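Dropping structure32.pdb in here (PDB, C-alpha atoms (C1' of nucleotides)):
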```pdb
ATOM      1  CA  MET A  98       0.000   0.000   0.000
ATOM      2  CA  GLN A  99       1.637   3.150  -1.173
ATOM      3  CA  ASN A 100      -0.668   5.709   0.343
ATOM      4  CA  PRO A 101      -2.510   4.338   3.357
ATOM      5  CA  ASP A 102      -4.650   7.418   3.947
ATOM      6  CA  LYS A 103      -5.973   7.460   0.444
ATOM      7  CA  GLN A 104      -6.755   3.755   0.753
ATOM      8  CA  GLU A 105      -8.540   4.289   4.007
ATOM      9  CA  ASN A 106     -10.697   7.040   2.672
ATOM     10  CA  THR A 107     -11.819   5.270  -0.442
ATOM     11  CA  VAL A 108     -12.903   2.267   1.580
ATOM     12  CA  LYS A 109     -14.772   4.462   4.032
ATOM     13  CA  ILE A 110     -16.864   5.852   1.213
ATOM     14  CA  LEU A 111     -18.862   2.657   1.609
ATOM     15  CA  GLY A 112     -20.005   3.764   5.030
ATOM     16  CA  GLU A 113     -22.230   6.314   3.406
ATOM     17  CA  ILE A 114     -23.020   4.659   0.102
ATOM     18  CA  ASP A 115     -26.602   5.169  -1.058
ATOM     19  CA  ARG A 116     -28.360   1.925  -0.181
ATOM     20  CA  MET A 117     -31.437   2.903  -2.110
ATOM     21  CA  ILE A 118     -29.284   2.441  -5.196
ATOM     22  CA  HIS A 119     -26.868  -0.175  -3.921
ATOM     23  CA  GLU A 120     -29.480  -2.921  -3.681
ATOM     24  CA  PRO A 121     -28.880  -5.055  -6.801
ATOM     25  CA  ALA A 122     -32.488  -5.155  -7.985
ATOM     26  CA  ARG A 123     -32.778  -1.385  -7.795
ATOM     27  CA  LEU A 124     -29.319  -0.911  -9.243
ATOM     28  CA  MET A 125     -30.468  -2.864 -12.293
ATOM     29  CA  ILE A 126     -33.593  -0.765 -12.609
ATOM     30  CA  MET A 127     -31.674   2.480 -12.251
ATOM     31  CA  ALA A 128     -29.037   1.351 -14.722
ATOM     32  CA  TYR A 129     -31.621   0.558 -17.371
ATOM     33  CA  LEU A 130     -33.446   3.815 -16.865
ATOM     34  CA  TYR A 131     -30.150   5.651 -16.899
ATOM     35  CA  VAL A 132     -29.476   4.589 -20.463
ATOM     36  CA  ILE A 133     -32.834   4.009 -22.094
ATOM     37  CA  GLU A 134     -34.700   7.059 -20.775
ATOM     38  CA  SER A 135     -38.083   5.395 -20.692
ATOM     39  CA  ALA A 136     -39.392   1.891 -20.155
ATOM     40  CA  ASP A 137     -42.586   0.243 -19.096
ATOM     41  CA  PHE A 138     -43.255  -2.189 -16.296
ATOM     42  CA  VAL A 139     -43.386  -5.299 -18.438
ATOM     43  CA  PHE A 140     -40.217  -4.477 -20.303
ATOM     44  CA  MET A 141     -38.423  -3.857 -17.027
ATOM     45  CA  MET A 142     -39.691  -7.140 -15.657
ATOM     46  CA  ARG A 143     -38.314  -9.019 -18.620
ATOM     47  CA  GLN A 144     -34.987  -7.233 -18.610
ATOM     48  CA  THR A 145     -34.281  -7.514 -14.910
ATOM     49  CA  GLY A 146     -35.796 -10.929 -14.353
ATOM     50  CA  LEU A 147     -37.549  -9.664 -11.240
ATOM     51  CA  SER A 148     -40.961 -11.021 -10.270
ATOM     52  CA  LYS A 149     -43.760  -8.502 -10.651
ATOM     53  CA  GLY A 150     -44.351  -8.248  -6.936
ATOM     54  CA  ASN A 151     -40.729  -7.583  -6.299
ATOM     55  CA  LEU A 152     -40.413  -5.125  -9.166
ATOM     56  CA  SER A 153     -43.513  -3.289  -8.028
ATOM     57  CA  SER A 154     -42.235  -2.804  -4.494
ATOM     58  CA  HIS A 155     -38.774  -1.706  -5.601
ATOM     59  CA  LEU A 156     -40.361   0.811  -7.949
ATOM     60  CA  SER A 157     -42.481   2.180  -5.127
ATOM     61  CA  LYS A 158     -39.380   2.702  -3.059
ATOM     62  CA  LEU A 159     -37.532   4.395  -5.869
ATOM     63  CA  GLU A 160     -40.544   6.597  -6.420
ATOM     64  CA  SER A 161     -40.759   7.505  -2.725
ATOM     65  CA  ALA A 162     -37.077   8.356  -2.804
ATOM     66  CA  GLY A 163     -37.798  10.658  -5.704
ATOM     67  CA  TYR A 164     -35.453   8.750  -7.995
ATOM     68  CA  VAL A 165     -37.961   7.393 -10.474
ATOM     69  CA  ASP A 166     -41.029   8.958 -12.022
ATOM     70  CA  ILE A 167     -43.971   6.657 -12.594
ATOM     71  CA  ARG A 168     -46.676   7.512 -15.062
ATOM     72  CA  LYS A 169     -49.736   5.339 -15.504
ATOM     73  CA  GLU A 170     -51.638   5.358 -18.765
ATOM     74  CA  PHE A 171     -54.195   3.336 -20.577
ATOM     75  CA  VAL A 172     -53.021   2.150 -23.944
ATOM     76  CA  LYS A 173     -55.888   0.624 -25.873
ATOM     77  CA  LYS A 174     -57.794   0.011 -22.651
ATOM     78  CA  ILE A 175     -55.028  -1.888 -20.968
ATOM     79  CA  PRO A 176     -53.060  -0.205 -18.189
ATOM     80  CA  ARG A 177     -49.433   0.548 -18.766
ATOM     81  CA  THR A 178     -46.869   1.920 -16.354
ATOM     82  CA  PHE A 179     -44.103   4.067 -17.736
ATOM     83  CA  LEU A 180     -40.909   4.567 -15.818
ATOM     84  CA  SER A 181     -38.233   7.178 -16.108
ATOM     85  CA  LEU A 182     -35.342   8.449 -14.076
ATOM     86  CA  SER A 183     -35.882  11.791 -12.366
ATOM     87  CA  GLN A 184     -33.178  14.439 -12.327
ATOM     88  CA  THR A 185     -32.544  13.644  -8.665
ATOM     89  CA  GLY A 186     -32.304   9.985  -9.541
ATOM     90  CA  ARG A 187     -29.824  10.671 -12.280
ATOM     91  CA  GLU A 188     -27.661  12.725  -9.970
ATOM     92  CA  ALA A 189     -27.817  10.112  -7.240
ATOM     93  CA  PHE A 190     -26.860   7.430  -9.720
ATOM     94  CA  ASP A 191     -23.944   9.519 -10.983
ATOM     95  CA  ARG A 192     -22.739   9.929  -7.436
ATOM     96  CA  TYR A 193     -23.131   6.240  -6.694
ATOM     97  CA  GLN A 194     -21.322   5.247  -9.847
ATOM     98  CA  GLN A 195     -18.493   7.649  -9.142
ATOM     99  CA  GLN A 196     -18.069   6.472  -5.558
ATOM    100  CA  MET A 197     -18.126   2.784  -6.405
ATOM    101  CA  LYS A 198     -15.768   3.264  -9.309
ATOM    102  CA  LEU A 199     -13.357   5.092  -7.068
ATOM    103  CA  PHE A 200     -13.588   2.420  -4.407
ATOM    104  CA  LEU A 201     -13.065  -0.412  -6.875
ATOM    105  CA  THR A 202     -10.206   1.127  -8.779
ATOM    106  CA  GLU A 203      -8.285   2.385  -5.761
ATOM    107  CA  LEU A 204      -7.871  -1.166  -4.542
ATOM    108  CA  PRO A 205      -4.606  -2.686  -5.680
TER     109      PRO A 205
ATOM    110  CA  MET B  81     -26.756   2.839 -26.786
ATOM    111  CA  GLN B  82     -24.433   1.434 -29.419
ATOM    112  CA  ASN B  83     -24.606  -2.221 -28.502
ATOM    113  CA  PRO B  84     -27.806  -3.093 -26.658
ATOM    114  CA  ASP B  85     -26.926  -6.716 -26.061
ATOM    115  CA  LYS B  86     -23.658  -5.910 -24.397
ATOM    116  CA  GLN B  87     -25.447  -3.359 -22.257
ATOM    117  CA  GLU B  88     -28.086  -5.838 -21.278
ATOM    118  CA  ASN B  89     -25.648  -8.448 -20.233
ATOM    119  CA  THR B  90     -23.492  -6.247 -18.063
ATOM    120  CA  VAL B  91     -26.563  -5.032 -16.203
ATOM    121  CA  LYS B  92     -27.792  -8.571 -15.711
ATOM    122  CA  ILE B  93     -24.574  -9.481 -13.963
ATOM    123  CA  LEU B  94     -26.187  -7.842 -10.948
ATOM    124  CA  GLY B  95     -28.796 -10.540 -10.812
ATOM    125  CA  GLU B  96     -26.184 -12.935  -9.583
ATOM    126  CA  ILE B  97     -23.822 -10.633  -7.760
ATOM    127  CA  ASP B  98     -22.413 -12.074  -4.544
ATOM    128  CA  ARG B  99     -24.505 -10.497  -1.802
ATOM    129  CA  MET B 100     -22.219 -11.806   0.890
ATOM    130  CA  ILE B 101     -19.688  -9.325  -0.441
ATOM    131  CA  HIS B 102     -22.021  -6.674  -1.794
ATOM    132  CA  GLU B 103     -23.282  -5.596   1.629
ATOM    133  CA  PRO B 104     -21.347  -2.372   2.359
ATOM    134  CA  ALA B 105     -20.171  -3.329   5.847
ATOM    135  CA  ARG B 106     -18.769  -6.634   4.600
ATOM    136  CA  LEU B 107     -17.403  -4.995   1.485
ATOM    137  CA  MET B 108     -15.387  -2.699   3.730
ATOM    138  CA  ILE B 109     -14.121  -5.589   5.797
ATOM    139  CA  MET B 110     -13.167  -7.597   2.732
ATOM    140  CA  ALA B 111     -11.485  -4.602   1.127
ATOM    141  CA  TYR B 112      -9.306  -3.988   4.164
ATOM    142  CA  LEU B 113      -8.359  -7.625   4.468
ATOM    143  CA  TYR B 114      -7.692  -7.757   0.767
ATOM    144  CA  VAL B 115      -4.911  -5.210   1.078
ATOM    145  CA  ILE B 116      -3.561  -5.499   4.602
ATOM    146  CA  GLU B 117      -3.421  -9.296   4.885
ATOM    147  CA  SER B 118      -4.039  -9.381   8.600
ATOM    148  CA  ALA B 119      -5.934  -7.252  11.090
ATOM    149  CA  ASP B 120      -7.465  -7.640  14.490
ATOM    150  CA  PHE B 121     -10.996  -7.012  15.657
ATOM    151  CA  VAL B 122     -10.331  -3.675  17.302
ATOM    152  CA  PHE B 123      -8.409  -2.314  14.366
ATOM    153  CA  MET B 124     -11.184  -3.336  12.018
ATOM    154  CA  MET B 125     -13.747  -1.707  14.247
ATOM    155  CA  ARG B 126     -11.869   1.568  14.179
ATOM    156  CA  GLN B 127     -11.270   1.480  10.441
ATOM    157  CA  THR B 128     -14.779   0.568   9.384
ATOM    158  CA  GLY B 129     -16.662   2.524  12.035
ATOM    159  CA  LEU B 130     -18.895  -0.476  12.674
ATOM    160  CA  SER B 131     -20.221  -1.167  16.160
ATOM    161  CA  LYS B 132     -18.745  -4.239  17.784
ATOM    162  CA  GLY B 133     -21.980  -6.148  17.689
ATOM    163  CA  ASN B 134     -22.423  -5.426  14.048
ATOM    164  CA  LEU B 135     -18.810  -6.196  13.196
ATOM    165  CA  SER B 136     -18.988  -9.430  15.116
ATOM    166  CA  SER B 137     -22.043 -10.662  13.257
ATOM    167  CA  HIS B 138     -20.700  -9.699   9.853
ATOM    168  CA  LEU B 139     -17.469 -11.514  10.636
ATOM    169  CA  SER B 140     -19.400 -14.615  11.628
ATOM    170  CA  LYS B 141     -21.174 -14.560   8.310
ATOM    171  CA  LEU B 142     -17.976 -14.101   6.375
ATOM    172  CA  GLU B 143     -16.471 -16.945   8.327
ATOM    173  CA  SER B 144     -19.455 -19.215   7.630
ATOM    174  CA  ALA B 145     -19.141 -18.345   3.965
ATOM    175  CA  GLY B 146     -15.514 -19.403   4.149
ATOM    176  CA  TYR B 147     -14.312 -15.977   3.089
ATOM    177  CA  VAL B 148     -12.535 -14.935   6.252
ATOM    178  CA  ASP B 149     -10.368 -16.894   8.634
ATOM    179  CA  ILE B 150     -10.720 -16.020  12.285
ATOM    180  CA  ARG B 151      -8.025 -16.901  14.769
ATOM    181  CA  LYS B 152      -8.479 -16.215  18.474
ATOM    182  CA  GLU B 153      -5.482 -15.787  20.719
ATOM    183  CA  PHE B 154      -4.672 -14.528  24.144
ATOM    184  CA  VAL B 155      -2.104 -11.802  24.093
ATOM    185  CA  LYS B 156      -0.947 -11.081  27.613
ATOM    186  CA  LYS B 157      -4.165 -12.555  29.012
ATOM    187  CA  ILE B 158      -6.462 -10.419  26.941
ATOM    188  CA  PRO B 159      -8.300 -11.988  24.033
ATOM    189  CA  ARG B 160      -7.496 -10.890  20.554
ATOM    190  CA  THR B 161      -9.162 -11.864  17.323
ATOM    191  CA  PHE B 162      -7.089 -11.953  14.175
ATOM    192  CA  LEU B 163      -8.718 -11.752  10.804
ATOM    193  CA  SER B 164      -7.489 -12.670   7.387
ATOM    194  CA  LEU B 165      -8.904 -13.317   3.971
ATOM    195  CA  SER B 166      -9.056 -16.952   2.899
ATOM    196  CA  GLN B 167      -8.108 -18.015  -0.587
ATOM    197  CA  THR B 168     -11.782 -18.529  -1.378
ATOM    198  CA  GLY B 169     -12.495 -15.082  -0.038
ATOM    199  CA  ARG B 170      -9.825 -13.535  -2.180
ATOM    200  CA  GLU B 171     -11.148 -15.228  -5.270
ATOM    201  CA  ALA B 172     -14.711 -14.197  -4.484
ATOM    202  CA  PHE B 173     -13.592 -10.645  -3.965
ATOM    203  CA  ASP B 174     -11.688 -10.650  -7.241
ATOM    204  CA  ARG B 175     -14.793 -11.863  -9.007
ATOM    205  CA  TYR B 176     -16.984  -9.295  -7.310
ATOM    206  CA  GLN B 177     -14.583  -6.491  -8.115
ATOM    207  CA  GLN B 178     -14.343  -7.558 -11.725
ATOM    208  CA  GLN B 179     -18.101  -7.820 -12.159
ATOM    209  CA  MET B 180     -18.871  -4.499 -10.527
ATOM    210  CA  LYS B 181     -16.118  -2.758 -12.450
ATOM    211  CA  LEU B 182     -17.486  -4.131 -15.675
ATOM    212  CA  PHE B 183     -21.005  -3.085 -14.804
ATOM    213  CA  LEU B 184     -19.961   0.420 -13.803
ATOM    214  CA  THR B 185     -17.703   1.097 -16.736
ATOM    215  CA  GLU B 186     -19.970  -0.325 -19.407
ATOM    216  CA  LEU B 187     -22.590   2.260 -18.573
ATOM    217  CA  PRO B 188     -22.295   5.311 -20.795
TER     218      PRO B 188
ATOM    219  C1'  DT C 245     -13.929  -5.131  46.737
ATOM    220  C1'  DA C 246     -16.503  -2.053  44.101
ATOM    221  C1'  DA C 247     -16.158   0.282  39.903
ATOM    222  C1'  DT C 248     -14.388   0.747  35.306
ATOM    223  C1'  DA C 249     -12.263  -0.911  31.032
ATOM    224  C1'  DT C 250     -11.426  -4.271  27.339
ATOM    225  C1'  DG C 251     -12.770  -7.499  23.867
ATOM    226  C1'  DG C 252     -15.814  -9.520  22.255
ATOM    227  C1'  DT C 253     -20.889 -12.572  21.599
ATOM    228  C1'  DT C 254     -25.814 -12.975  21.944
ATOM    229  C1'  DT C 255     -30.351 -11.167  21.825
ATOM    230  C1'  DG C 256     -34.119  -8.391  20.284
ATOM    231  C1'  DC C 257     -35.999  -5.471  17.068
ATOM    232  C1'  DA C 258     -37.048  -2.816  13.014
ATOM    233  C1'  DT C 259     -36.359  -3.045   8.167
ATOM    234  C1'  DT C 260     -35.943  -5.474   3.944
ATOM    235  C1'  DA C 261     -36.378  -8.409  -0.207
ATOM    236  C1'  DC C 262     -39.144 -11.485  -2.111
ATOM    237  C1'  DA C 263     -42.991 -14.222  -4.061
ATOM    238  C1'  DA C 264     -47.680 -15.818  -3.306
ATOM    239  C1'  DA C 265     -52.055 -14.262  -3.176
ATOM    240  C1'  DC C 266     -55.119 -10.936  -4.475
ATOM    241  C1'  DT C 267     -57.465  -7.067  -7.421
ATOM    242  C1'  DA C 268     -59.307  -5.112 -11.531
ATOM    243  C1'  DG C 269     -60.112  -4.979 -16.019
ATOM    244  C1'  DT C 270     -60.104  -7.188 -20.945
ATOM    245  C1'  DA C 271     -60.488 -10.901 -24.183
ATOM    246  C1'  DT C 272     -62.045 -15.449 -25.297
ATOM    247  C1'  DT C 273     -64.575 -19.540 -25.288
ATOM    248  C1'  DA C 274     -68.834 -22.661 -24.297
TER     249       DA C 274
ATOM    250  C1'  DT D 200     -74.040 -14.586 -20.932
ATOM    251  C1'  DA D 201     -71.635 -17.237 -17.814
ATOM    252  C1'  DA D 202     -67.317 -19.096 -17.183
ATOM    253  C1'  DT D 203     -62.451 -19.090 -18.081
ATOM    254  C1'  DA D 204     -58.147 -17.194 -18.985
ATOM    255  C1'  DC D 205     -55.042 -13.494 -19.722
ATOM    256  C1'  DT D 206     -52.808  -8.920 -18.673
ATOM    257  C1'  DA D 207     -50.955  -5.608 -15.590
ATOM    258  C1'  DG D 208     -50.086  -4.646 -11.813
ATOM    259  C1'  DT D 209     -50.646  -4.037  -5.920
ATOM    260  C1'  DT D 210     -50.946  -5.868  -1.327
ATOM    261  C1'  DT D 211     -49.853  -9.153   2.083
ATOM    262  C1'  DG D 212     -47.189 -12.535   4.633
ATOM    263  C1'  DT D 213     -42.820 -14.257   5.749
ATOM    264  C1'  DA D 214     -38.104 -15.372   6.186
ATOM    265  C1'  DA D 215     -33.770 -13.156   6.280
ATOM    266  C1'  DT D 216     -30.984  -9.171   7.256
ATOM    267  C1'  DG D 217     -28.505  -5.299   9.519
ATOM    268  C1'  DC D 218     -27.927  -3.140  13.567
ATOM    269  C1'  DA D 219     -27.054  -1.777  18.422
ATOM    270  C1'  DA D 220     -28.280  -2.720  23.202
ATOM    271  C1'  DA D 221     -27.590  -5.889  26.525
ATOM    272  C1'  DC D 222     -24.808  -9.252  28.186
ATOM    273  C1'  DC D 223     -20.485 -12.068  29.465
ATOM    274  C1'  DA D 224     -15.718 -12.917  30.943
ATOM    275  C1'  DT D 225     -11.512 -11.225  32.328
ATOM    276  C1'  DA D 226      -8.293  -7.482  33.717
ATOM    277  C1'  DT D 227      -7.222  -3.220  35.844
ATOM    278  C1'  DT D 228      -7.806   0.672  38.905
ATOM    279  C1'  DA D 229      -9.574   3.365  43.060
TER     280       DA D 229
END
```

Can you turn what I pasted into C-alpha cells?
Amino acid sequence: MQNPDKQENTVKILGEIDRMIHEPARLMIMAYLYVIESADFVFMMRQTGLSKGNLSSHLSKLESAGYVDIRKEFVKKIPRTFLSLSQTGREAFDRYQQQMKLFLTELP
Amino acid sequence: MQNPDKQENTVKILGEIDRMIHEPARLMIMAYLYVIESADFVFMMRQTGLSKGNLSSHLSKLESAGYVDIRKEFVKKIPRTFLSLSQTGREAFDRYQQQMKLFLTELP
DNA sequence: TAATATGGTTTGCATTACAAACTAGTATTA
DNA sequence: TAATACTAGTTTGTAATGCAAACCATATTA
C-alpha cells in the first residue's frame, strides 16, 4: 500500500453509500433507466428478471425516494406503467457510480 | 446505446452478484483484508466505524461463507481476534470487483 | 472489593427483499 | 351470458438481514 490514507478514505466511502441504489435489484432498474430514458413495467420485468411483486415494491421505493417517475396510462384500454429516471435519480446514480468506481479502482 | 446486447448483459450481472460481499459493511471488511493481509478485531472496528456487535455478526457470516479466517489468541491474558482473507475469499472478492467494475464502466 | 475498562458474543428489534395471493379490467370460449 | 383465462399490476405474509443494546468474561484501577 503506497498511500494508506488514500486507501482508508476510499474504503470508508462505503459507510455512506446510497443503499437505495446499492441494492442489486434497484441498481439494475436504475441502470436501465439511466441509459434508455423510458421503459414500461413489463419491459423492465423481462430485462431484470424480477418477479412482478418484487419489481412493483422496488419501484415504489424508488418513487418515494424521488429517484424514479412513474406515469400510468391506458393504452388501448389496458393499463401501462411508464418509468423514467428523475433528475434527482440521475444525480444520485452519478454519485453512486463515481463512488463505487473510485472504491473499486483504488484497490490494488 | 451502441450495442444493446452488451449493455443488457453487463446489467444482468447484478442478478447474480455475490450479496455476501455486496453488503457495504462486509465490502469494507473484505477490502481492508484484501490489502492489509491481517488485522485484528479492534483495528477493524476503528477502520470501518462499525459497532462491535455489528462487526462481530458480519465476521461470523464471512467466516461461515468461508471468506474470512478467524483466529483467536490470548495476548498477555487479553483476548485478541485476528482476521485474514481466505483463498476462497480472495477469489470471491476478485470476481466481485471484476463484475462491478465491468457493470460500472460499461454504462455510458 | 466495588467500579471501570477491554474485547468480544448474543439477543431483540425494526427493516428489507421477495414471491404468493389478491385485485381489476379485458379478451375469449362454451 | 356465464365461465375461463389473460394482462398488468398491488398488497400481504414471511423469512432473512442489519444493527445496536444488553450481556459475558476477564483485567485493571480506586

Tell me, counting only C-alpha atoms (C1' of nucleotides), for each residue of chain B within 9 Å of chain D, which pair of atoms is nearest and how far apart they are in Å to one decimal, in rows ordered by chain and increasing number, as JSON lines.
```
{"residue": "B:Ser131", "atom": "CA", "partner": "D:DA219", "partner_atom": "C1'", "distance": 7.2}
{"residue": "B:Lys132", "atom": "CA", "partner": "D:DA219", "partner_atom": "C1'", "distance": 8.7}
{"residue": "B:Gly133", "atom": "CA", "partner": "D:DA219", "partner_atom": "C1'", "distance": 6.7}
{"residue": "B:Asn134", "atom": "CA", "partner": "D:DC218", "partner_atom": "C1'", "distance": 6.0}
{"residue": "B:His138", "atom": "CA", "partner": "D:DG217", "partner_atom": "C1'", "distance": 9.0}
{"residue": "B:Lys157", "atom": "CA", "partner": "D:DA226", "partner_atom": "C1'", "distance": 8.1}
{"residue": "B:Ile158", "atom": "CA", "partner": "D:DT225", "partner_atom": "C1'", "distance": 7.4}
{"residue": "B:Pro159", "atom": "CA", "partner": "D:DT225", "partner_atom": "C1'", "distance": 8.9}
```

How close does chain A get to chain B? List, as CSV, each residue of chain A within 6 Å, its nearest atom pair and the distance in Å to one decimal, counting all atoms listed in the file.
```
residue,atom,partner,partner_atom,distance
A:Val108,CA,B:Met108,CA,6.0
A:Leu111,CA,B:Pro104,CA,5.7
A:Pro121,CA,B:Leu94,CA,5.7
A:Met125,CA,B:Val91,CA,5.9
```

Please write out, as AutoDock Vina command-line options, where the centre of an axis-aligned box around all listed atoms of segment 179-185 of chain A lies and how long its edges are, in Å to one decimal, after adding 6 Å on each side.
```
--center_x -38.3 --center_y 9.3 --center_z -13.2 --size_x 23.6 --size_y 22.4 --size_z 21.1
```

At a cut-off of 12 Å, can you tabulate as a tab-separated table every residue of chain C near chain B together with its closest atom pair and the distance in Å to one decimal, using only C-alpha atoms (C1' of nucleotides) and ordering rows by chain then number?
```
residue	atom	partner	partner_atom	distance
C:DA249	C1'	B:Ile158	CA	11.9
C:DT250	C1'	B:Ile158	CA	7.9
C:DG251	C1'	B:Pro159	CA	6.3
C:DG252	C1'	B:Lys132	CA	7.5
C:DT253	C1'	B:Ser136	CA	7.5
C:DT254	C1'	B:Gly133	CA	8.9
C:DT255	C1'	B:Gly133	CA	10.6
```

Using only C-alpha atoms, which of A:Asp137, A:Phe190, A:Leu180, A:Phe171 sits nearest Ser157 of chain A?
A:Leu180

Hey, can you check how far atom CA of Asp191 of chain A sits from atom CA of Ala162 of chain A?
15.5 Å

When you draw a straight line from atom CA of Ala189 of chain A to atom CA of Leu135 of chain B, how long is it in Å?
27.7 Å

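Computed from the coordinates, the atom CA of Glu170 of chain A to atom C1' of DT273 of chain C distance equals 28.8 Å.
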
Of the candidates B:Ile101, B:Arg170, B:Ala119, B:Met125, which shows the shortest atom-to-atom distance to Arg151 of chain B, using only C-alpha atoms?
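Of B:Ile101, B:Arg170, B:Ala119, B:Met125, the one nearest Arg151 of chain B, counting only C-alpha atoms, is B:Ala119.
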